[in-house]
file work_38.txt (compact mmCIF, C-alpha atoms and all ligand atoms)
# COMPACT_ATOMS: atom_id res chain seq x y z
CA MET A 1 0.00 0.00 0.00
CA ASN A 2 1.47 3.33 -1.10
CA LEU A 3 0.77 5.40 1.99
CA LEU A 4 1.35 9.11 2.32
CA VAL A 5 0.92 11.39 5.33
CA GLN A 6 0.20 14.95 4.23
CA LYS A 7 0.39 17.63 6.92
CA PHE A 8 -1.04 21.10 6.40
CA GLY A 9 0.14 23.97 8.59
CA GLY A 10 -1.99 26.83 9.88
CA THR A 11 -1.61 29.14 6.89
CA SER A 12 -2.41 26.28 4.51
CA VAL A 13 -5.81 25.85 6.22
CA GLY A 14 -6.23 29.52 7.16
CA SER A 15 -9.56 30.05 5.39
CA ILE A 16 -12.24 27.98 3.68
CA GLU A 17 -10.63 28.74 0.29
CA ARG A 18 -7.31 27.50 1.62
CA ILE A 19 -8.87 24.39 3.09
CA GLU A 20 -10.31 23.72 -0.37
CA ASN A 21 -6.86 24.23 -1.89
CA ALA A 22 -5.36 21.81 0.64
CA ALA A 23 -8.13 19.29 0.04
CA ARG A 24 -7.36 19.43 -3.68
CA ARG A 25 -3.72 18.57 -2.94
CA VAL A 26 -4.97 15.52 -1.07
CA ILE A 27 -7.24 14.56 -3.93
CA GLN A 28 -4.37 14.96 -6.39
CA ALA A 29 -2.33 12.44 -4.39
CA VAL A 30 -5.29 10.07 -4.12
CA GLU A 31 -5.83 10.25 -7.87
CA LYS A 32 -2.16 9.36 -8.37
CA GLY A 33 -2.77 6.15 -6.45
CA HIS A 34 -1.73 7.10 -2.94
CA ARG A 35 -3.67 6.29 0.19
CA VAL A 36 -3.52 9.49 2.19
CA VAL A 37 -3.71 10.32 5.87
CA VAL A 38 -4.18 14.05 6.43
CA VAL A 39 -2.82 15.85 9.48
CA SER A 40 -4.13 19.36 10.01
CA SER A 41 -3.01 22.23 12.21
CA ALA A 42 -5.42 24.79 13.57
CA MET A 43 -6.35 27.62 11.18
CA ALA A 44 -3.74 30.40 11.13
CA GLY A 45 -3.90 32.60 14.23
CA GLU A 46 -6.27 30.27 16.05
CA THR A 47 -3.84 28.91 18.64
CA ASP A 48 -2.46 32.40 19.33
CA GLY A 49 -6.04 33.67 19.71
CA LEU A 50 -6.87 30.95 22.24
CA LEU A 51 -3.68 31.73 24.14
CA SER A 52 -4.46 35.41 24.38
CA LEU A 53 -8.00 34.65 25.55
CA ALA A 54 -6.58 32.57 28.37
CA HIS A 55 -4.02 35.22 29.19
CA GLN A 56 -6.86 37.61 29.93
CA ILE A 57 -7.45 35.41 32.96
CA GLY A 58 -3.85 35.35 34.13
CA LYS A 59 -0.22 34.69 33.34
CA ARG A 60 0.36 31.36 35.05
CA LEU A 61 -2.49 29.08 34.11
CA PRO A 62 -3.25 25.43 34.83
CA GLU A 63 -1.51 23.52 32.07
CA ARG A 64 -4.07 20.73 31.92
CA GLU A 65 -6.77 23.29 31.11
CA MET A 66 -4.51 25.02 28.59
CA ASP A 67 -4.36 21.74 26.68
CA VAL A 68 -8.13 21.38 26.74
CA LEU A 69 -8.37 24.89 25.33
CA LEU A 70 -5.54 24.86 22.77
CA SER A 71 -6.52 21.51 21.31
CA THR A 72 -9.86 22.95 20.15
CA GLY A 73 -8.18 24.78 17.26
CA GLU A 74 -7.22 21.55 15.57
CA GLN A 75 -10.62 19.95 16.27
CA LYS A 76 -12.32 22.76 14.37
CA ALA A 77 -9.90 22.49 11.45
CA ILE A 78 -10.25 18.72 10.96
CA ALA A 79 -14.03 18.95 10.94
CA LEU A 80 -13.93 21.62 8.21
CA PHE A 81 -11.26 19.72 6.27
CA SER A 82 -13.30 16.51 6.28
CA MET A 83 -16.46 18.36 5.26
CA MET A 84 -14.56 19.90 2.36
CA LEU A 85 -13.20 16.54 1.17
CA ARG A 86 -16.71 15.09 1.35
CA LYS A 87 -18.14 18.00 -0.61
CA LEU A 88 -15.53 17.35 -3.29
CA GLY A 89 -16.67 13.73 -3.45
CA TYR A 90 -14.07 11.96 -1.31
CA PRO A 91 -15.10 10.13 1.87
CA ALA A 92 -13.20 11.48 4.84
CA VAL A 93 -13.38 11.00 8.59
CA SER A 94 -11.96 13.43 11.12
CA LEU A 95 -10.17 12.04 14.17
CA CYS A 96 -9.01 13.87 17.28
CA GLY A 97 -5.79 12.72 18.90
CA TRP A 98 -7.63 10.60 21.47
CA GLN A 99 -9.65 8.87 18.79
CA VAL A 100 -6.58 7.55 16.95
CA PRO A 101 -5.28 7.21 19.75
CA ILE A 102 -2.05 9.19 20.01
CA VAL A 103 -0.99 8.41 23.56
CA THR A 104 1.41 10.79 25.30
CA ASP A 105 3.02 11.32 28.67
CA ASP A 106 1.31 13.74 31.04
CA VAL A 107 3.69 16.69 30.74
CA HIS A 108 0.93 19.08 29.70
CA THR A 109 1.54 21.66 26.95
CA LYS A 110 4.65 19.85 25.72
CA SER A 111 3.80 16.18 25.89
CA ARG A 112 5.76 13.47 24.20
CA ILE A 113 4.16 10.72 22.19
CA VAL A 114 4.64 7.32 23.80
CA LYS A 115 2.36 5.13 21.71
CA ILE A 116 0.21 5.31 18.60
CA GLY A 117 -2.64 2.95 17.85
CA VAL A 118 -2.83 2.42 14.09
CA GLN A 119 -5.61 -0.13 13.83
CA ARG A 120 -8.45 2.35 13.49
CA LEU A 121 -6.52 4.32 10.88
CA LYS A 122 -5.73 1.19 8.93
CA ASN A 123 -9.35 0.06 9.02
CA LEU A 124 -10.51 3.43 7.75
CA ILE A 125 -7.93 3.43 4.96
CA ASN A 126 -8.86 -0.12 3.96
CA ASP A 127 -12.51 0.91 3.84
CA GLY A 128 -11.61 3.69 1.41
CA TYR A 129 -11.74 6.65 3.79
CA ILE A 130 -9.30 9.51 4.09
CA PRO A 131 -8.57 9.95 7.80
CA VAL A 132 -8.11 13.61 8.75
CA VAL A 133 -6.18 13.61 12.01
CA ALA A 134 -5.85 16.56 14.36
CA GLY A 135 -2.23 17.58 14.69
CA PHE A 136 -0.80 18.74 18.01
CA GLN A 137 -3.20 16.66 20.14
CA GLY A 138 -2.60 13.68 22.35
CA VAL A 139 -4.19 11.85 25.24
CA THR A 140 -2.65 10.43 28.40
CA GLU A 141 -3.12 6.85 29.56
CA THR A 142 -5.72 8.26 31.96
CA TRP A 143 -7.70 10.08 29.27
CA ASP A 144 -6.56 13.63 29.76
CA ILE A 145 -6.13 15.76 26.65
CA THR A 146 -2.55 16.88 25.98
CA THR A 147 -0.76 18.95 23.35
CA LEU A 148 2.67 18.46 21.85
CA GLY A 149 4.08 22.00 22.14
CA ARG A 150 3.94 24.84 19.61
CA GLY A 151 4.40 23.55 16.09
CA GLY A 152 3.47 20.08 17.32
CA SER A 153 1.45 19.08 14.26
CA ASP A 154 4.75 18.41 12.50
CA THR A 155 5.48 15.79 15.13
CA THR A 156 2.02 14.26 14.77
CA ALA A 157 2.67 13.90 11.03
CA VAL A 158 6.13 12.37 11.34
CA ALA A 159 5.04 10.04 14.13
CA LEU A 160 2.08 8.82 12.08
CA ALA A 161 4.27 8.36 9.01
CA SER A 162 6.66 6.31 11.09
CA ALA A 163 3.91 4.21 12.69
CA LEU A 164 2.29 3.56 9.31
CA SER A 165 5.58 3.19 7.36
CA ALA A 166 4.37 6.01 5.13
CA ASP A 167 6.08 8.87 3.33
CA CYS A 168 5.63 12.30 4.84
CA GLU A 169 4.85 15.61 3.20
CA ILE A 170 4.81 18.83 5.22
CA TYR A 171 2.82 21.54 3.45
CA THR A 172 3.60 25.03 4.66
CA ASP A 173 3.66 28.66 3.51
CA VAL A 174 7.21 28.69 2.11
CA PRO A 175 8.49 26.42 -0.67
CA GLY A 176 10.91 24.49 1.54
CA VAL A 177 13.74 24.92 4.00
CA PHE A 178 15.90 27.94 3.21
CA THR A 179 19.43 29.02 4.12
CA ALA A 180 17.76 31.56 6.44
CA ASP A 181 14.19 32.59 7.20
CA PRO A 182 13.08 33.90 3.80
CA ARG A 183 10.95 36.50 5.56
CA ILE A 184 14.07 38.08 7.06
CA VAL A 185 16.61 37.42 4.31
CA PRO A 186 15.12 37.93 0.86
CA ASN A 187 18.24 36.41 -0.73
CA ALA A 188 17.90 33.16 1.19
CA LYS A 189 18.09 30.09 -1.03
CA LYS A 190 16.01 26.95 -0.95
CA VAL A 191 18.02 23.90 0.10
CA PRO A 192 17.10 20.82 -1.98
CA TYR A 193 18.39 18.26 0.55
CA ILE A 194 19.24 18.68 4.21
CA SER A 195 20.39 16.09 6.74
CA TYR A 196 18.42 15.30 9.90
CA GLU A 197 21.35 16.56 11.95
CA GLU A 198 21.44 19.95 10.24
CA MET A 199 17.65 20.33 10.31
CA LEU A 200 17.64 19.43 13.98
CA GLU A 201 20.14 22.18 14.76
CA LEU A 202 18.31 24.72 12.59
CA ALA A 203 15.00 23.84 14.22
CA SER A 204 16.38 24.02 17.74
CA LEU A 205 18.06 27.31 16.94
CA GLY A 206 14.96 29.13 15.78
CA ALA A 207 13.96 27.94 12.28
CA LYS A 208 10.33 27.22 13.11
CA VAL A 209 9.63 25.63 9.73
CA MET A 210 9.84 22.21 11.47
CA GLN A 211 9.24 21.50 15.14
CA ILE A 212 12.39 20.10 16.79
CA ARG A 213 10.76 16.95 18.06
CA SER A 214 9.43 16.08 14.63
CA VAL A 215 12.98 16.07 13.29
CA GLU A 216 14.26 14.02 16.25
CA PHE A 217 11.52 11.55 15.52
CA ALA A 218 12.30 11.46 11.80
CA ALA A 219 16.00 10.88 12.49
CA LYS A 220 15.33 8.10 14.94
CA TYR A 221 12.95 6.21 12.67
CA ARG A 222 14.49 7.40 9.40
CA VAL A 223 11.32 8.98 8.04
CA ARG A 224 12.08 10.92 4.85
CA ILE A 225 10.28 14.25 4.88
CA HIS A 226 9.37 16.49 1.98
CA VAL A 227 8.78 20.09 3.10
CA ARG A 228 6.94 22.09 0.44
CA SER A 229 4.48 24.87 -0.23
CA SER A 230 0.76 24.21 -0.37
CA PHE A 231 0.50 27.14 -2.80
CA SER A 232 2.74 25.82 -5.57
CA GLU A 233 3.67 22.56 -7.23
CA GLU A 234 7.40 23.12 -7.00
CA GLU A 235 9.68 20.53 -5.45
CA GLY A 236 10.52 21.47 -1.86
CA THR A 237 13.25 20.33 0.53
CA TRP A 238 13.96 16.71 1.41
CA ILE A 239 15.04 16.05 4.97
CA VAL A 240 17.01 12.82 4.76
CA PRO A 241 19.89 10.81 6.30
CA GLU A 242 23.30 12.43 5.96
CA ASP A 243 24.58 9.98 3.34
CA GLU A 244 21.83 11.08 0.96
CA VAL A 245 22.85 14.74 1.06
CA MET A 246 24.85 15.24 -2.10
CA GLU A 247 26.24 18.68 -1.50
CA LYS A 248 28.07 19.19 1.77
CA VAL A 249 28.81 22.78 2.67
CA ALA A 250 30.46 24.28 5.73
CA VAL A 251 27.46 26.47 6.49
CA ARG A 252 23.98 25.27 5.56
CA GLY A 253 21.95 27.94 7.27
CA ILE A 254 21.71 30.92 9.60
CA THR A 255 19.06 31.32 12.28
CA ALA A 256 18.00 33.62 15.06
CA ASP A 257 15.96 32.70 18.07
CA THR A 258 14.29 35.41 20.11
CA LYS A 259 12.29 32.99 22.21
CA GLU A 260 14.73 32.76 25.06
CA ALA A 261 15.23 34.85 28.18
CA ARG A 262 18.52 35.18 30.03
CA PHE A 263 18.89 34.90 33.79
CA THR A 264 21.99 35.89 35.69
CA VAL A 265 22.41 34.75 39.25
CA VAL A 266 24.76 37.37 40.63
CA LYS A 267 27.46 36.61 43.17
CA VAL A 268 26.85 32.98 43.98
CA PRO A 269 29.38 31.23 46.22
CA ASP A 270 31.84 29.48 43.87
CA LYS A 271 31.84 26.00 45.35
CA PRO A 272 30.87 22.53 44.16
CA GLY A 273 27.18 21.69 44.21
CA ILE A 274 25.71 25.17 43.73
CA ALA A 275 25.19 24.88 39.97
CA ALA A 276 23.76 21.41 40.49
CA GLU A 277 21.28 22.80 42.98
CA ILE A 278 20.03 25.52 40.62
CA PHE A 279 19.72 23.29 37.58
CA LYS A 280 18.24 20.37 39.49
CA ALA A 281 15.38 22.58 40.65
CA LEU A 282 14.73 23.70 37.06
CA GLY A 283 14.99 20.14 35.77
CA GLU A 284 12.45 18.90 38.26
CA ALA A 285 10.04 21.52 36.93
CA HIS A 286 10.67 20.22 33.37
CA ILE A 287 12.31 23.50 32.36
CA VAL A 288 14.92 23.16 29.65
CA VAL A 289 18.05 25.23 30.23
CA ASP A 290 20.03 26.24 27.19
CA MET A 291 23.18 28.37 27.07
CA ILE A 292 25.08 28.34 30.36
CA VAL A 293 27.96 30.65 31.20
CA GLN A 294 29.83 30.75 34.48
CA ASN A 295 32.06 33.76 34.90
CA VAL A 296 35.56 33.79 36.33
CA SER A 297 35.33 33.75 40.07
CA HIS A 298 36.37 36.64 42.31
CA ASP A 299 36.91 36.30 46.06
CA GLY A 300 35.07 33.01 46.13
CA TYR A 301 32.03 34.30 44.24
CA THR A 302 30.93 34.02 40.64
CA ASP A 303 28.06 35.05 38.34
CA MET A 304 26.12 32.37 36.53
CA SER A 305 24.05 33.08 33.42
CA PHE A 306 21.80 30.82 31.42
CA THR A 307 18.85 30.98 29.07
CA VAL A 308 15.43 29.34 29.16
CA ASN A 309 12.45 29.53 26.86
CA LYS A 310 10.44 32.73 27.39
CA THR A 311 7.22 30.74 27.73
CA GLU A 312 8.75 29.17 30.83
CA ALA A 313 10.59 32.22 32.12
CA ASP A 314 7.99 33.19 34.75
CA LYS A 315 7.94 29.69 36.14
CA ALA A 316 11.76 29.57 35.99
CA GLU A 317 12.09 32.95 37.70
CA GLU A 318 10.09 31.82 40.72
CA ILE A 319 12.27 28.75 41.09
CA ILE A 320 15.55 30.57 40.51
CA ARG A 321 14.73 33.26 43.06
CA LYS A 322 14.00 30.62 45.67
CA VAL A 323 17.23 28.72 45.02
CA ALA A 324 19.26 31.94 44.80
CA GLU A 325 18.06 32.93 48.23
CA LYS A 326 18.84 29.51 49.60
CA VAL A 327 22.41 29.46 48.30
CA GLY A 328 23.04 33.06 49.33
CA ALA A 329 23.32 34.72 45.93
CA GLU A 330 23.18 38.51 45.77
CA GLU A 331 20.44 38.93 43.17
CA VAL A 332 18.76 37.46 40.09
CA VAL A 333 18.66 39.53 36.90
CA ARG A 334 16.31 38.65 34.04
CA ASP A 335 16.68 39.91 30.47
CA ASP A 336 13.98 39.10 27.91
CA LYS A 337 15.52 41.15 25.12
CA VAL A 338 18.12 38.70 23.90
CA ALA A 339 18.53 36.69 20.71
CA LYS A 340 20.61 33.69 19.85
CA VAL A 341 22.07 33.79 16.34
CA SER A 342 23.59 30.65 14.93
CA VAL A 343 25.41 29.31 11.90
CA VAL A 344 24.82 25.63 11.17
CA GLY A 345 26.44 23.17 8.76
CA LEU A 346 27.70 19.59 8.62
CA GLY A 347 30.84 20.72 6.82
CA MET A 348 31.92 22.59 9.94
CA LYS A 349 33.11 19.25 11.25
CA SER A 350 35.96 19.37 8.78
CA SER A 351 36.53 23.05 8.15
CA TYR A 352 38.03 25.74 10.32
CA GLY A 353 37.76 29.48 10.72
CA THR A 354 33.95 29.58 10.98
CA ALA A 355 33.95 30.93 14.54
CA ALA A 356 36.54 33.59 13.77
CA LYS A 357 34.58 34.71 10.72
CA MET A 358 31.31 34.82 12.66
CA PHE A 359 32.80 36.90 15.50
CA GLU A 360 34.38 39.22 12.94
CA VAL A 361 31.06 39.86 11.19
CA LEU A 362 29.31 40.61 14.49
CA ALA A 363 32.15 42.84 15.68
CA LYS A 364 32.13 44.78 12.41
CA HIS A 365 28.56 45.82 13.18
CA GLY A 366 29.22 46.62 16.81
CA ILE A 367 27.24 43.62 18.06
CA ASN A 368 28.38 42.42 21.46
CA MET A 369 28.28 38.72 22.38
CA MET A 370 26.97 37.77 25.83
CA ALA A 371 27.44 34.03 25.53
CA ILE A 372 28.75 31.54 22.99
CA SER A 373 27.97 27.89 22.57
CA THR A 374 29.18 25.42 20.00
CA SER A 375 28.66 21.86 18.82
CA GLU A 376 30.39 19.98 16.02
CA ILE A 377 28.04 21.50 13.50
CA LYS A 378 26.95 24.87 14.90
CA ILE A 379 28.12 28.04 16.57
CA SER A 380 25.65 30.20 18.51
CA CYS A 381 26.09 33.64 19.99
CA LEU A 382 23.74 35.38 22.39
CA ILE A 383 23.28 39.03 21.44
CA GLU A 384 20.87 41.90 22.10
CA GLU A 385 17.49 41.21 20.52
CA LYS A 386 17.44 44.46 18.54
CA PHE A 387 20.42 43.23 16.49
CA ALA A 388 18.93 39.83 15.61
CA GLU A 389 17.76 40.53 12.05
CA LEU A 390 20.83 42.56 11.20
CA ALA A 391 23.07 39.75 12.43
CA VAL A 392 21.21 37.12 10.41
CA ARG A 393 21.37 39.20 7.23
CA GLU A 394 25.06 40.00 7.63
CA LEU A 395 26.01 36.42 8.52
CA HIS A 396 23.99 35.17 5.57
CA GLU A 397 25.81 37.53 3.28
CA ALA A 398 29.22 36.53 4.64
CA PHE A 399 28.70 32.78 4.80
CA ILE A 400 26.23 32.02 2.03
CA GLU A 401 25.97 34.80 -0.53
CA ASN A 402 29.71 35.56 -0.65
CA ASN A 403 30.89 32.09 0.12
CA GLU A 404 34.12 31.41 -1.70
CA GLU A 405 34.77 28.05 -0.12
CA ILE A 406 35.07 25.03 -2.37
CA LYS A 407 32.09 22.78 -1.97
CA VAL A 408 32.62 19.06 -1.55
CA GLU A 409 30.43 17.21 -4.04
CA GLY A 410 29.16 13.82 -2.94
CA GLY A 411 31.63 13.65 -0.09
P1 LIG B 1 3.10 26.06 9.46
O1 LIG B 1 1.99 26.89 9.99
O2 LIG B 1 2.88 25.59 8.06
O3 LIG B 1 3.51 24.95 10.38
P2 LIG B 1 5.29 27.69 10.39
O4 LIG B 1 4.94 29.12 10.52
O5 LIG B 1 5.34 26.85 11.62
O6 LIG B 1 4.34 27.05 9.30
O7 LIG B 1 6.71 27.54 9.66
C1 LIG B 1 6.92 28.15 8.42
C2 LIG B 1 7.67 29.45 8.62
O8 LIG B 1 8.99 29.17 9.10
C3 LIG B 1 7.91 30.24 7.37
O9 LIG B 1 6.83 31.09 7.09
C4 LIG B 1 9.20 31.00 7.65
O10 LIG B 1 8.98 32.35 7.95
C5 LIG B 1 9.76 30.32 8.89
N1 LIG B 1 11.17 29.94 8.75
C6 LIG B 1 12.15 30.24 9.65
N2 LIG B 1 13.32 29.81 9.25
C7 LIG B 1 13.14 29.19 8.05
C8 LIG B 1 13.99 28.54 7.13
N3 LIG B 1 15.29 28.41 7.36
N4 LIG B 1 13.46 28.03 6.00
C9 LIG B 1 12.13 28.16 5.77
N5 LIG B 1 11.26 28.77 6.59
C10 LIG B 1 11.75 29.29 7.73
N1 LIG B 2 -1.67 24.86 16.25
C1 LIG B 2 -0.44 24.57 16.96
C2 LIG B 2 0.44 25.80 16.99
O1 LIG B 2 0.07 26.85 16.47
C3 LIG B 2 0.28 23.39 16.37
C4 LIG B 2 0.79 23.56 14.96
O2 LIG B 2 0.33 24.42 14.22
O3 LIG B 2 1.64 22.75 14.57
O4 LIG B 2 1.51 25.75 17.54
MG MG B 3 4.67 24.96 12.15

call {"tool": "encode", "arguments": {"input": "work_38.txt", "output": "structure tokens"}}
result
Amino acid sequence: MNLLVQKFGGTSVGSIERIENAARRVIQAVEKGHRVVVVSSAMAGETDGLLSLAHQIGKRLPEREMDVLLSTGEQKAIALFSMMLRKLGYPAVSLCGWQVPIVTDDVHTKSRIVKIGVQRLKNLINDGYIPVVAGFQGVTETWDITTLGRGGSDTTAVALASALSADCEIYTDVPGVFTADPRIVPNAKKVPYISYEEMLELASLGAKVMQIRSVEFAAKYRVRIHVRSSFSEEEGTWIVPEDEVMEKVAVRGITADTKEARFTVVKVPDKPGIAAEIFKALGEAHIVVDMIVQNVSHDGYTDMSFTVNKTEADKAEEIIRKVAEKVGAEEVVRDDKVAKVSVVGLGMKSSYGTAAKMFEVLAKHGINMMAISTSEIKISCLIEEKFAELAVRELHEAFIENNEEIKVEGG
């Protein structure tokens, strides 16, 4: 059975006309002989709208109830999508996450999928139906509704493709994965093939075109993903294993992430166990800590800075203030106006000078670096938020538009 999972993002189902356009893409695939499972996001703006409604009640809200609320966006979209397919003459059945079921852990608002039941989907497909599955939604073992984190419909699609041994198409509002966000860098180029590893770094460093977990999932189960536009027929980007990427370049892409906040715990006693205490408390609250910098110590004291996701910054702040008091730190400073800019590329493993060049470009524009982190295939710098777009454009120009390096074909 030639199975295909087609996922449509918010913009691609943003109006009834767009839902019709998306439905026609499904029909096209069906007419070519594919059996299709549709995954739909909420209509564009819907999830944000629900969030801001809730935020009229308060800042820190019960996460279980947030999931009940946020999951409604996708429920509405799948109903409309199925109605549209039926109107166009194709039998479709909408399914919420719990009806599949897509079983997750109980970490509300960012749950992880632990199990997918495929029997109902398979039965529907065998009976000639097009299942239209709600992205983003899950259900715990004890029947509570969960969601998979912002952008989570990508993960629903990849997980279903993996469970069904199907191919996976991600339809979005840009024609593929670019060397930088095409909305910020008009000269950004579409990348025909990108490795899981590179896509994972780009996604975790701010390229929201694919949710991080969806790429982790794809890498683990080797799901090949085709990211493309729902508004054109052109070939998009294939996210594939590294050995299938023909052209290896030092720098594949540039990103900026303005979704993090920086905390500095000022004047903490510089002795073993203090860092562990701070990060253990955050870990227990399921808060992911990113860039960590510990300054040189003076008179037995040091400053410790780190970043966390802004959506978790209020929760983190409460915890950090408590621990800071306990360990006798002087104060806690929070800065929400930071951005992490990064250059990413597999070829960095075997080339040198990337860091020097990156620092040079930032320095040339008077952009100060507050923290640096590296891996084999990326370099990230934390800078002031107001410089984020400038940094991305300048780094793109230096590394991609004016790149004089020799590319390694097939190697
Ligand atoms: P969807 O609603 O279809 O899931 P998203 O808004 O989540 O779409 O992701 C698509 C957006 O990702 C694009 O509109 C683009 O602005 C942004 N983006 C950021 N970085 C990149 C990149 N490197 N390549 C392509 N798109 C990118
Ligand atoms: N609707 C959810 C969001 O806006 C999930 C998604 O679109 O992938 O984050
Ligand atoms: Mg998305």

call {"tool": "residues_near_ligand", "arguments": {"input": "work_38.txt", "ligand": "ligand LIG 2 (chain B)", "cutoff": "9 Å", "atoms": "only C-alpha atoms and all ligand atoms", "output": "ChimeraX atom specification"}}
result
/A:8-11,40-48,70-71,73-74,135-137,147-156,210-211

call {"tool": "atom_distance", "arguments": {"input": "work_38.txt", "atom1": "CA of Val289 (chain A)", "atom2": "CA of Val308 (chain A)"}}
result
5.0 Å

call {"tool": "atom_distance", "arguments": {"input": "work_38.txt", "atom1": "CA of Ala77 (chain A)", "atom2": "CA of Thr109 (chain A)"}}
result
19.3 Å

call {"tool": "closest_residue", "arguments": {"input": "work_38.txt", "among": "A:Gln75, A:Asn2, A:Ser351, A:Gln56", "to": "Lys32 (chain A)", "atoms": "only C-alpha atoms"}}
result
A:Asn2

call {"tool": "residues_near_point", "arguments": {"input": "work_38.txt", "point": "(2.2, 18.2, -8.6)", "cutoff": "10 Å", "atoms": "all atoms listed in the file", "output": "list in words"}}
result
Arg25, Gln28, Ala29, Lys32, Ser232, Glu233, Glu234 and Glu235 of chain A

call {"tool": "atom_distance", "arguments": {"input": "work_38.txt", "atom1": "CA of Leu124 (chain A)", "atom2": "atom O1 of ligand LIG 1 (chain B)"}}
result
26.7 Å

call {"tool": "closest_residue", "arguments": {"input": "work_38.txt", "among": "A:Thr179, A:Thr264, A:Thr140, A:Asn295", "to": "Val343 (chain A)", "atoms": "only C-alpha atoms"}}
result
A:Thr179
